[in-house]
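As stored in query.cif (mmCIF, C-alpha atoms):
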```
data_start
loop_
_atom_site.label_atom_id
_atom_site.label_comp_id
_atom_site.auth_asym_id
_atom_site.auth_seq_id
_atom_site.Cartn_x
_atom_site.Cartn_y
_atom_site.Cartn_z
CA MET W 1 0.00 0.00 0.00
CA SER W 2 1.52 3.32 -1.04
CA ASN W 3 1.70 6.30 1.33
CA LYS W 4 -0.89 8.09 -0.83
CA ASN W 5 -3.43 5.36 -0.01
CA ILE W 6 -2.72 5.26 3.70
CA GLY W 7 -5.70 6.62 5.61
CA ILE W 8 -6.60 7.36 9.19
CA LYS W 9 -8.40 4.00 9.42
CA ASP W 10 -5.13 2.21 8.62
CA VAL W 11 -3.39 4.04 11.47
CA ALA W 12 -6.25 3.17 13.82
CA VAL W 13 -5.99 -0.56 12.92
CA ALA W 14 -2.19 -0.56 13.31
CA ALA W 15 -2.37 1.18 16.69
CA GLY W 16 -5.37 -0.85 17.87
CA VAL W 17 -7.44 2.23 18.68
CA SER W 18 -10.45 4.06 17.28
CA VAL W 19 -10.37 6.50 14.37
CA THR W 20 -11.47 9.24 16.77
CA THR W 21 -8.50 8.57 19.02
CA VAL W 22 -6.11 8.81 16.07
CA SER W 23 -7.71 12.08 14.99
CA HIS W 24 -7.42 13.55 18.48
CA VAL W 25 -3.78 12.54 18.87
CA LEU W 26 -2.55 13.70 15.47
CA ASN W 27 -4.52 16.96 15.62
CA LYS W 28 -3.28 17.62 19.18
CA VAL W 29 -6.75 18.02 20.66
CA SER W 30 -5.92 19.29 24.15
CA TYR W 31 -9.15 18.23 25.86
CA ALA W 32 -9.00 14.59 24.71
CA ARG W 33 -8.39 12.17 27.60
CA ILE W 34 -5.82 9.87 26.06
CA SER W 35 -2.96 8.26 27.97
CA PRO W 36 0.66 9.09 27.05
CA GLU W 37 1.19 5.43 26.12
CA THR W 38 -1.70 5.49 23.64
CA ARG W 39 -0.50 8.78 22.17
CA ASP W 40 2.96 7.30 21.61
CA LYS W 41 1.42 4.18 20.02
CA VAL W 42 -0.64 6.28 17.58
CA ARG W 43 2.31 8.50 16.62
CA SER W 44 4.56 5.47 16.07
CA ALA W 45 1.94 3.79 13.87
CA ALA W 46 1.43 6.96 11.83
CA GLU W 47 5.19 7.39 11.38
CA GLU W 48 5.72 3.77 10.32
CA LEU W 49 2.89 3.98 7.79
CA GLY W 50 3.98 7.40 6.53
CA TYR W 51 0.64 8.98 7.38
CA GLY W 52 0.12 12.68 8.12
CA PRO W 53 -3.06 14.70 8.76
CA ASN W 54 -4.80 15.95 5.62
CA ARG W 55 -4.28 19.69 5.89
CA LEU W 56 -6.71 20.46 3.10
CA ALA W 57 -9.45 18.46 4.79
CA GLN W 58 -8.68 20.18 8.07
CA ALA W 59 -8.92 23.60 6.43
CA LEU W 60 -12.30 22.76 4.91
CA ARG W 61 -13.60 21.48 8.23
CA THR W 62 -12.31 24.30 10.47
CA GLN W 63 -12.35 27.13 7.91
CA ARG W 64 -8.72 27.78 8.85
CA THR W 65 -5.67 27.66 6.60
CA GLY W 66 -3.01 27.04 9.25
CA MET W 67 -1.19 30.15 8.00
CA LEU W 68 -0.32 33.22 10.09
CA GLY W 69 0.84 36.55 8.69
CA LEU W 70 3.66 38.66 10.11
CA VAL W 71 4.04 42.29 9.09
CA SER W 72 7.64 43.11 9.99
CA GLU W 73 8.67 46.76 10.19
CA ASP W 74 12.37 46.50 9.25
CA ILE W 75 12.86 43.49 11.56
CA ALA W 76 13.89 41.07 8.80
CA THR W 77 16.94 43.23 8.09
CA THR W 78 17.87 43.83 11.75
CA PRO W 79 20.00 41.02 13.26
CA HIS W 80 19.15 41.40 16.96
CA ALA W 81 15.44 42.16 16.50
CA GLY W 82 15.25 39.27 14.03
CA ARG W 83 14.85 36.98 17.04
CA ILE W 84 11.23 38.15 17.10
CA ILE W 85 10.76 36.26 13.82
CA LEU W 86 12.59 33.21 15.16
CA GLY W 87 10.41 33.10 18.26
CA ALA W 88 7.26 33.48 16.17
CA GLU W 89 8.32 30.82 13.64
CA GLU W 90 9.22 28.22 16.26
CA ALA W 91 6.04 28.82 18.28
CA ALA W 92 3.93 28.57 15.11
CA LYS W 93 5.63 25.37 13.96
CA ALA W 94 5.10 23.76 17.36
CA ARG W 95 1.37 24.34 16.98
CA GLY W 96 1.20 23.16 13.37
CA TYR W 97 1.04 26.60 11.75
CA ASN W 98 3.20 28.27 9.12
CA LEU W 99 4.29 31.90 9.03
CA MET W 100 4.08 34.22 6.02
CA ILE W 101 6.30 37.30 6.42
CA ILE W 102 5.97 40.67 4.72
CA ASN W 103 8.77 43.13 5.47
CA THR W 104 7.80 46.78 5.38
CA SER W 105 9.48 50.02 6.40
CA GLY W 106 8.66 51.85 9.60
CA SER W 107 8.68 55.05 7.54
CA ALA W 108 6.26 53.63 4.94
CA SER W 109 2.96 55.44 4.50
CA LEU W 110 -0.15 54.17 6.23
CA GLU W 111 -1.60 53.33 2.80
CA SER W 112 1.46 51.23 1.96
CA ARG W 113 1.26 49.31 5.22
CA GLN W 114 -2.46 48.80 4.69
CA ALA W 115 -1.66 47.26 1.31
CA ASP W 116 0.78 44.87 3.04
CA VAL W 117 -1.94 43.75 5.43
CA GLU W 118 -4.35 43.38 2.50
CA ALA W 119 -1.86 41.08 0.77
CA LEU W 120 -1.97 38.78 3.80
CA LEU W 121 -5.75 38.91 3.97
CA GLU W 122 -5.96 37.88 0.32
CA ARG W 123 -3.92 34.80 1.18
CA ARG W 124 -6.49 33.94 3.87
CA VAL W 125 -4.15 33.94 6.86
CA ASP W 126 -5.86 33.00 10.13
CA GLY W 127 -4.34 35.85 12.13
CA ILE W 128 -1.73 38.60 11.92
CA LEU W 129 1.30 39.58 13.99
CA TYR W 130 2.47 43.18 13.58
CA ALA W 131 6.02 43.67 14.83
CA THR W 132 8.24 46.75 14.98
CA MET W 133 12.02 47.02 15.15
CA TYR W 134 12.00 48.92 18.44
CA HIS W 135 9.44 49.66 21.15
CA ARG W 136 7.21 52.48 19.96
CA HIS W 137 3.65 53.68 19.41
CA VAL W 138 2.39 52.79 15.94
CA GLU W 139 -0.56 53.96 13.86
CA LEU W 140 -2.09 50.78 12.52
CA PRO W 141 -3.84 50.11 9.20
CA ALA W 142 -7.62 49.92 9.73
CA ASN W 143 -7.86 46.53 8.02
CA LEU W 144 -5.64 44.94 10.68
CA GLY W 145 -8.66 44.62 12.94
CA SER W 146 -10.53 42.33 10.54
CA LEU W 147 -8.70 39.27 11.89
CA PRO W 148 -7.27 38.28 15.28
CA SER W 149 -4.11 40.40 15.62
CA VAL W 150 -1.30 40.91 18.13
CA LEU W 151 1.30 43.69 18.24
CA VAL W 152 4.92 42.84 19.04
CA ASP W 153 7.26 45.44 20.59
CA SER W 154 4.71 48.20 20.01
CA VAL W 155 1.41 49.59 21.20
CA ALA W 156 -1.37 51.02 19.06
CA THR W 157 -1.97 54.74 18.79
CA GLY W 158 -5.65 55.43 19.38
CA GLY W 159 -6.78 51.83 19.49
CA ASN W 160 -6.89 48.77 21.72
CA ILE W 161 -5.13 45.77 20.23
CA THR W 162 -3.40 43.09 22.28
CA ALA W 163 0.30 43.92 22.55
CA VAL W 164 3.48 42.56 24.11
CA ILE W 165 6.35 44.91 25.00
CA PRO W 166 9.64 44.83 26.95
CA ASP W 167 9.92 45.99 30.55
CA GLU W 168 11.98 49.12 29.85
CA GLU W 169 11.85 50.37 33.44
CA GLY W 170 12.66 46.99 34.95
CA GLY W 171 15.63 46.60 32.62
CA ALA W 172 16.95 50.06 33.47
CA ARG W 173 16.57 49.33 37.16
CA ALA W 174 18.60 46.16 36.74
CA ALA W 175 21.34 48.06 34.89
CA VAL W 176 21.62 50.87 37.44
CA GLY W 177 21.27 48.38 40.28
CA ALA W 178 24.33 46.48 39.03
CA LEU W 179 26.40 49.67 39.26
CA LEU W 180 25.08 50.46 42.74
CA GLU W 181 25.78 46.91 43.94
CA ALA W 182 29.40 47.34 42.83
CA GLY W 183 29.66 50.40 45.08
CA HIS W 184 29.23 53.27 42.63
CA THR W 185 27.66 56.44 44.01
CA ARG W 186 28.43 58.72 41.05
CA VAL W 187 26.42 57.24 38.17
CA GLY W 188 25.60 58.95 34.87
CA PHE W 189 23.14 58.13 32.11
CA ILE W 190 23.80 58.48 28.38
CA ASN W 191 20.31 58.69 26.88
CA ASN W 192 18.68 58.73 23.46
CA THR W 193 17.16 61.86 21.87
CA ASP W 194 14.31 60.06 20.05
CA ASP W 195 10.77 60.50 21.35
CA VAL W 196 10.07 56.81 22.00
CA PRO W 197 8.82 55.03 25.14
CA ALA W 198 12.26 53.65 26.02
CA THR W 199 13.78 57.15 26.25
CA THR W 200 11.43 58.39 28.95
CA GLN W 201 10.91 55.07 30.74
CA ARG W 202 14.61 54.28 31.11
CA LEU W 203 15.33 57.82 32.32
CA ARG W 204 12.51 57.61 34.88
CA ALA W 205 13.80 54.27 36.16
CA PHE W 206 17.39 55.59 36.30
CA ARG W 207 16.42 58.48 38.56
CA ALA W 208 14.02 56.44 40.69
CA THR W 209 16.62 53.72 41.33
CA LEU W 210 19.15 56.30 42.50
CA ASP W 211 16.55 57.97 44.73
CA GLU W 212 15.67 54.64 46.33
CA ALA W 213 19.38 54.07 47.05
CA GLY W 214 19.57 57.37 48.94
CA LEU W 215 21.18 59.30 46.07
CA ASP W 216 19.72 62.32 44.27
CA GLY W 217 18.40 61.01 40.98
CA ASP W 218 17.46 64.46 39.68
CA ALA W 219 21.01 65.70 40.25
CA ALA W 220 22.66 62.72 38.53
CA PRO W 221 24.28 63.69 35.19
CA VAL W 222 22.38 62.86 31.99
CA GLU W 223 23.66 63.49 28.47
CA SER W 224 21.47 62.83 25.41
CA GLU W 225 22.55 62.15 21.83
CA VAL W 226 21.51 60.14 18.77
CA SER W 227 21.50 56.50 19.83
CA GLU W 228 24.44 55.39 17.70
CA VAL W 229 28.16 54.86 18.36
CA GLN W 230 29.09 58.46 17.53
CA GLY W 231 26.33 59.79 19.76
CA GLY W 232 27.52 57.67 22.66
CA TYR W 233 31.07 58.85 22.10
CA GLU W 234 30.13 62.54 22.10
CA ALA W 235 27.88 62.24 25.15
CA ALA W 236 30.54 60.27 27.05
CA ARG W 237 33.24 62.84 26.21
CA ARG W 238 31.12 65.59 27.74
CA MET W 239 30.22 63.54 30.79
CA LEU W 240 33.73 62.30 31.46
CA ALA W 241 35.11 65.85 31.17
CA ARG W 242 33.21 66.87 34.33
CA GLU W 243 35.23 67.56 37.46
CA ASP W 244 32.94 65.20 39.35
CA ARG W 245 32.91 62.67 36.52
CA PRO W 246 30.87 59.54 37.20
CA THR W 247 32.59 56.27 37.98
CA GLY W 248 29.71 54.32 36.47
CA LEU W 249 27.85 54.85 33.18
CA PHE W 250 24.48 53.47 32.14
CA CYS W 251 24.11 53.71 28.37
CA TYR W 252 20.79 53.72 26.49
CA ASN W 253 21.97 50.92 24.21
CA ASP W 254 25.03 48.86 23.36
CA ARG W 255 25.95 51.06 20.39
CA MET W 256 26.18 54.11 22.64
CA ALA W 257 28.17 52.03 25.12
CA MET W 258 30.65 51.25 22.32
CA GLY W 259 31.08 54.98 21.81
CA ALA W 260 31.62 55.42 25.56
CA TYR W 261 34.39 52.79 25.42
CA ARG W 262 36.16 54.87 22.78
CA ALA W 263 35.77 58.09 24.79
CA ALA W 264 37.16 56.42 27.91
CA ALA W 265 40.18 55.10 26.00
CA GLU W 266 40.96 58.55 24.58
CA LEU W 267 40.89 59.98 28.10
CA GLY W 268 43.21 57.28 29.42
CA LEU W 269 40.51 55.58 31.47
CA THR W 270 40.49 51.79 31.80
CA ILE W 271 37.24 49.82 31.85
CA PRO W 272 36.27 48.67 34.44
CA ALA W 273 39.09 49.80 36.75
CA ASP W 274 38.45 53.54 36.19
CA LEU W 275 34.98 53.44 34.68
CA SER W 276 32.23 50.82 34.83
CA VAL W 277 29.82 50.67 31.89
CA VAL W 278 26.49 48.90 31.39
CA GLY W 279 24.44 48.90 28.19
CA PHE W 280 21.01 47.84 26.99
CA ASP W 281 19.83 45.49 24.18
CA ASP W 282 22.45 42.69 24.41
CA GLN W 283 23.37 43.02 20.75
CA GLU W 284 25.66 40.01 20.63
CA LEU W 285 27.89 41.31 17.84
CA ILE W 286 28.69 44.31 20.04
CA ALA W 287 28.28 43.36 23.70
CA ALA W 288 30.12 40.05 23.60
CA ASN W 289 32.92 41.36 21.39
CA LEU W 290 33.85 44.57 23.15
CA TYR W 291 36.87 44.32 25.43
CA PRO W 292 36.12 43.84 28.21
CA GLY W 293 32.77 42.20 27.45
CA LEU W 294 29.89 44.57 28.06
CA THR W 295 27.45 43.93 30.89
CA THR W 296 24.07 44.77 29.42
CA VAL W 297 20.33 44.19 29.57
CA ALA W 298 18.73 41.76 27.12
CA LEU W 299 15.59 42.69 25.23
CA PRO W 300 13.19 39.70 25.12
CA HIS W 301 12.82 39.64 21.32
CA TYR W 302 12.49 35.87 21.03
CA GLU W 303 10.12 35.67 23.98
CA MET W 304 7.90 38.46 22.60
CA GLY W 305 7.64 36.73 19.22
CA ALA W 306 6.77 33.40 20.84
CA TRP W 307 4.27 34.92 23.33
CA ALA W 308 2.47 36.83 20.59
CA THR W 309 2.22 33.75 18.36
CA GLU W 310 0.98 31.46 21.13
CA ASN W 311 -1.77 33.89 22.10
CA LEU W 312 -2.69 34.61 18.48
CA ILE W 313 -3.14 30.89 17.79
CA ASP W 314 -5.20 30.49 20.95
CA ALA W 315 -7.48 33.27 19.68
CA VAL W 316 -7.71 31.73 16.21
CA GLU W 317 -8.71 28.40 17.77
CA GLY W 318 -11.26 30.03 20.06
CA LYS W 319 -9.36 29.29 23.27
CA THR W 320 -8.88 32.91 24.34
CA ASP W 321 -10.43 36.33 23.79
CA LEU W 322 -7.84 38.88 22.69
CA SER W 323 -10.17 41.77 23.51
CA LEU W 324 -9.84 40.90 27.20
CA MET W 325 -6.06 41.31 26.93
CA ALA W 326 -6.10 44.51 24.92
CA LEU W 327 -6.66 47.05 27.67
CA HIS W 328 -3.08 46.81 28.93
CA PRO W 329 -0.01 45.50 27.07
CA THR W 330 1.71 42.41 28.40
CA ILE W 331 5.18 43.32 29.69
CA LEU W 332 8.05 40.81 29.49
CA SER W 333 11.14 41.10 31.66
CA CYS W 334 14.55 42.31 30.42
CA PRO W 335 17.24 40.30 32.25
CA LEU W 336 20.71 41.57 33.08
CA VAL W 337 23.51 39.81 31.19
CA ARG W 338 26.71 40.04 33.25
CA ARG W 339 30.07 40.26 31.53
CA ASP W 340 33.24 42.10 32.60
CA SER W 341 32.58 45.84 32.30
CA ILE W 342 31.61 46.50 35.95
CA ALA W 343 33.95 46.61 38.94
CA ALA W 344 34.08 48.44 42.26
CA PRO W 345 35.15 52.11 41.92
CA ARG W 346 38.70 53.06 42.84
CA GLN W 347 39.03 54.33 46.41
#
```
What does this structure look like when you write it as structure tokens?
Amino acid sequence: MSNKNIGIKDVAVAAGVSVTTVSHVLNKVSYARISPETRDKVRSAAEELGYGPNRLAQALRTQRTGMLGLVSEDIATTPHAGRIILGAEEAAKARGYNLMIINTSGSASLESRQADVEALLERRVDGILYATMYHRHVELPANLGSLPSVLVDSVATGGNITAVIPDEEGGARAAVGALLEAGHTRVGFINNTDDVPATTQRLRAFRATLDEAGLDGDAAPVESEVSEVQGGYEAARRMLAREDRPTGLFCYNDRMAMGAYRAAAELGLTIPADLSVVGFDDQELIAANLYPGLTTVALPHYEMGAWATENLIDAVEGKTDLSLMALHPTILSCPLVRRDSIAAPRQ
């Protein structure tokens, strides 16, 4: 008997169970009361016979295609944020779904992004993920609400759609806390100039953490520049030129921290003996390859992609109501990644 002629009845006979049991096992029906031993027996029989569920028949029965859409604002071309896609792909595959990705530009017009969503709708995806390269507020195409949808690393402007974002304040608290634990009492912050949630939230957490440690957060030095290597360098040069220069620096991201490394070297300061530095993002190509390795805070890109996909599939399958989750975004933690850029300040 060829694989093409193998049916669910053949699997049932080989496993010594009912057709319904085979269907429940192979379609991963969560509520079915089937023992682990029986599940293993059915899977083994199906594998030996070369049988797989008929996806076309499933689609006709459930009115679902098993396809999810992902609108990616620049993420596909951004190495560290690309882990959002990896998390989404692996979560989708584990649930028997495939992912269709459309990469768009964050600067694209609303009409252009609406056309991208329309392209996914025409392909009858079951739900849509909308992910941005960095945490921000985004104006969404109106047609996004026609299917179950989840935002990744962004929140909607003027609308309630389920979203998952990083804990910017918690990550900043962890970064500043690492400097305080090492004994630093003069801590500065090199911040971003862009009007995005991370700029204000990390600054607020920086000052609050110092206040809670008995230091004056409002008086702590803050320098703001474009969040790139050159911006970090220029901000660090100004900060390190102060008579009461800080012994510890918290940098808005790892690129700015790289610039701070250069500024410290030009001033004859050794990291971490003379200056401790902590970054944000955990961009592996930077943080792990600076010397000494940069202690930084990791953004949960993979976890956000996986969380969004799991909850989107649950909504598609009628197991959850996304509208109940839309009032407040889900916030995922940003863990500290310790390397070698922090030490106790010189006495």
Practice prompt. Report as an MDAnalysis selection string the full result of the PyMOL selection byres ((chain W and resi 293) around 12) when it is applied to this structure.
Written response: chainID W and resid 254 257:258 261 271:272 276:279 282:292 294:296 337:342
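Here the residues that fall within 12 Å of (-6.1, 34.3, 23.3), using all atoms listed in the file, are given as Gly127, Pro148, Ser149, Val150, Ile161, Thr162, Ala163, Trp307, Ala308, Thr309, Glu310, Asn311, Leu312, Ile313, Asp314, Ala315, Val316, Glu317, Gly318, Lys319, Thr320, Asp321, Leu322, Ser323, Leu324, Met325 and Ala326 of chain W.
Among W:Ser72, W:Thr132, W:Thr330, W:Thr200, the residue with the shortest atom-to-atom distance to Asn103 (chain W), counting all atoms listed in the file, is W:Ser72.
Between CA of Gly171 (chain W) and CA of Pro335 (chain W) there is a distance of 6.5 Å.
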Practice prompt. Starting from the displayed file, determine the output of the PyMOL selection byres ((chain W and resi 220) around 12) and express the residue list as a PyMOL selection string.
Written response: chain W and resi 176+185-190+203-204+206-211+215-219+221-223+239+244-250
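Picture a line from CA of Ala175 (chain W) to CA of Phe280 (chain W); it runs 7.9 Å.
Relative to CA of Asp194 (chain W), CA of Tyr233 (chain W) is found at 16.9 Å.
Shell of Ala182 (chain W) at 8 Å, with all atoms listed in the file counted and residues fewer than 5 places along the chain excluded, is Ile342, Ala343, Ala344 and Pro345 of chain W.
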Practice prompt. Name the residues, using the chain letters and numbers of the file, that sit within 12 Å of (13.5, 41.4, 8.1) when counting all atoms listed in the file, and give them as JSON, numbers by chain.
Written response: {"W": [70, 71, 72, 73, 74, 75, 76, 77, 78, 79, 80, 81, 82, 83, 84, 85, 86, 101, 102, 103, 104, 105, 106, 131, 132, 133]}
Once you have the residues from the selection above, write them out as an mmCIF file, in the coordinates of the input, restricted to C-alpha atoms.
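As a result, part14.cif now contains:
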```cif
data_model
loop_
_atom_site.group_PDB
_atom_site.id
_atom_site.type_symbol
_atom_site.label_atom_id
_atom_site.label_comp_id
_atom_site.auth_asym_id
_atom_site.auth_seq_id
_atom_site.Cartn_x
_atom_site.Cartn_y
_atom_site.Cartn_z
ATOM 1 C CA LEU W 70 3.660 38.660 10.110
ATOM 2 C CA VAL W 71 4.040 42.290 9.090
ATOM 3 C CA SER W 72 7.640 43.110 9.990
ATOM 4 C CA GLU W 73 8.670 46.760 10.190
ATOM 5 C CA ASP W 74 12.370 46.500 9.250
ATOM 6 C CA ILE W 75 12.860 43.490 11.560
ATOM 7 C CA ALA W 76 13.890 41.070 8.800
ATOM 8 C CA THR W 77 16.940 43.230 8.090
ATOM 9 C CA THR W 78 17.870 43.830 11.750
ATOM 10 C CA PRO W 79 20.000 41.020 13.260
ATOM 11 C CA HIS W 80 19.150 41.400 16.960
ATOM 12 C CA ALA W 81 15.440 42.160 16.500
ATOM 13 C CA GLY W 82 15.250 39.270 14.030
ATOM 14 C CA ARG W 83 14.850 36.980 17.040
ATOM 15 C CA ILE W 84 11.230 38.150 17.100
ATOM 16 C CA ILE W 85 10.760 36.260 13.820
ATOM 17 C CA LEU W 86 12.590 33.210 15.160
ATOM 18 C CA ILE W 101 6.300 37.300 6.420
ATOM 19 C CA ILE W 102 5.970 40.670 4.720
ATOM 20 C CA ASN W 103 8.770 43.130 5.470
ATOM 21 C CA THR W 104 7.800 46.780 5.380
ATOM 22 C CA SER W 105 9.480 50.020 6.400
ATOM 23 C CA GLY W 106 8.660 51.850 9.600
ATOM 24 C CA ALA W 131 6.020 43.670 14.830
ATOM 25 C CA THR W 132 8.240 46.750 14.980
ATOM 26 C CA MET W 133 12.020 47.020 15.150
#
```
Matched chain/residue IDs from the PyMOL selection byres ((chain W and resi 126) around 9), as a compact mmCIF listing (two decimals) with C-alpha atoms, in the frame of the given file:
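Everything below was put into part_16.txt:
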```
# COMPACT_ATOMS: atom_id res chain seq x y z
CA ARG W 64 -8.72 27.78 8.85
CA THR W 65 -5.67 27.66 6.60
CA GLY W 66 -3.01 27.04 9.25
CA MET W 67 -1.19 30.15 8.00
CA LEU W 68 -0.32 33.22 10.09
CA GLY W 69 0.84 36.55 8.69
CA LEU W 121 -5.75 38.91 3.97
CA ARG W 124 -6.49 33.94 3.87
CA VAL W 125 -4.15 33.94 6.86
CA GLY W 127 -4.34 35.85 12.13
CA ILE W 128 -1.73 38.60 11.92
CA LEU W 147 -8.70 39.27 11.89
CA PRO W 148 -7.27 38.28 15.28
CA ILE W 313 -3.14 30.89 17.79
CA VAL W 316 -7.71 31.73 16.21
```
Response to the item:
Between W:Arg173, W:Arg346, W:His184, W:Lys41, smallest distance to Arg202 (chain W) by all atoms listed in the file belongs to W:Arg173
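When all atoms listed in the file are used to measure the gap to Asp195 (chain W), the shortest distance among W:Ala298, W:Ala91, W:Ala46, W:Val226 belongs to W:Val226.
Here the question is which of W:Glu118, W:Asp274, W:Glu225, W:Glu303 gets nearest to Leu332 (chain W) using all atoms listed in the file, and that residue is W:Glu303.
Comparing the minimum interatomic distances between Ala178 (chain W) and each of W:Val13, W:Leu336, W:Glu139, W:Ala92, counting all atoms listed in the file, we find that W:Leu336 sits nearest.
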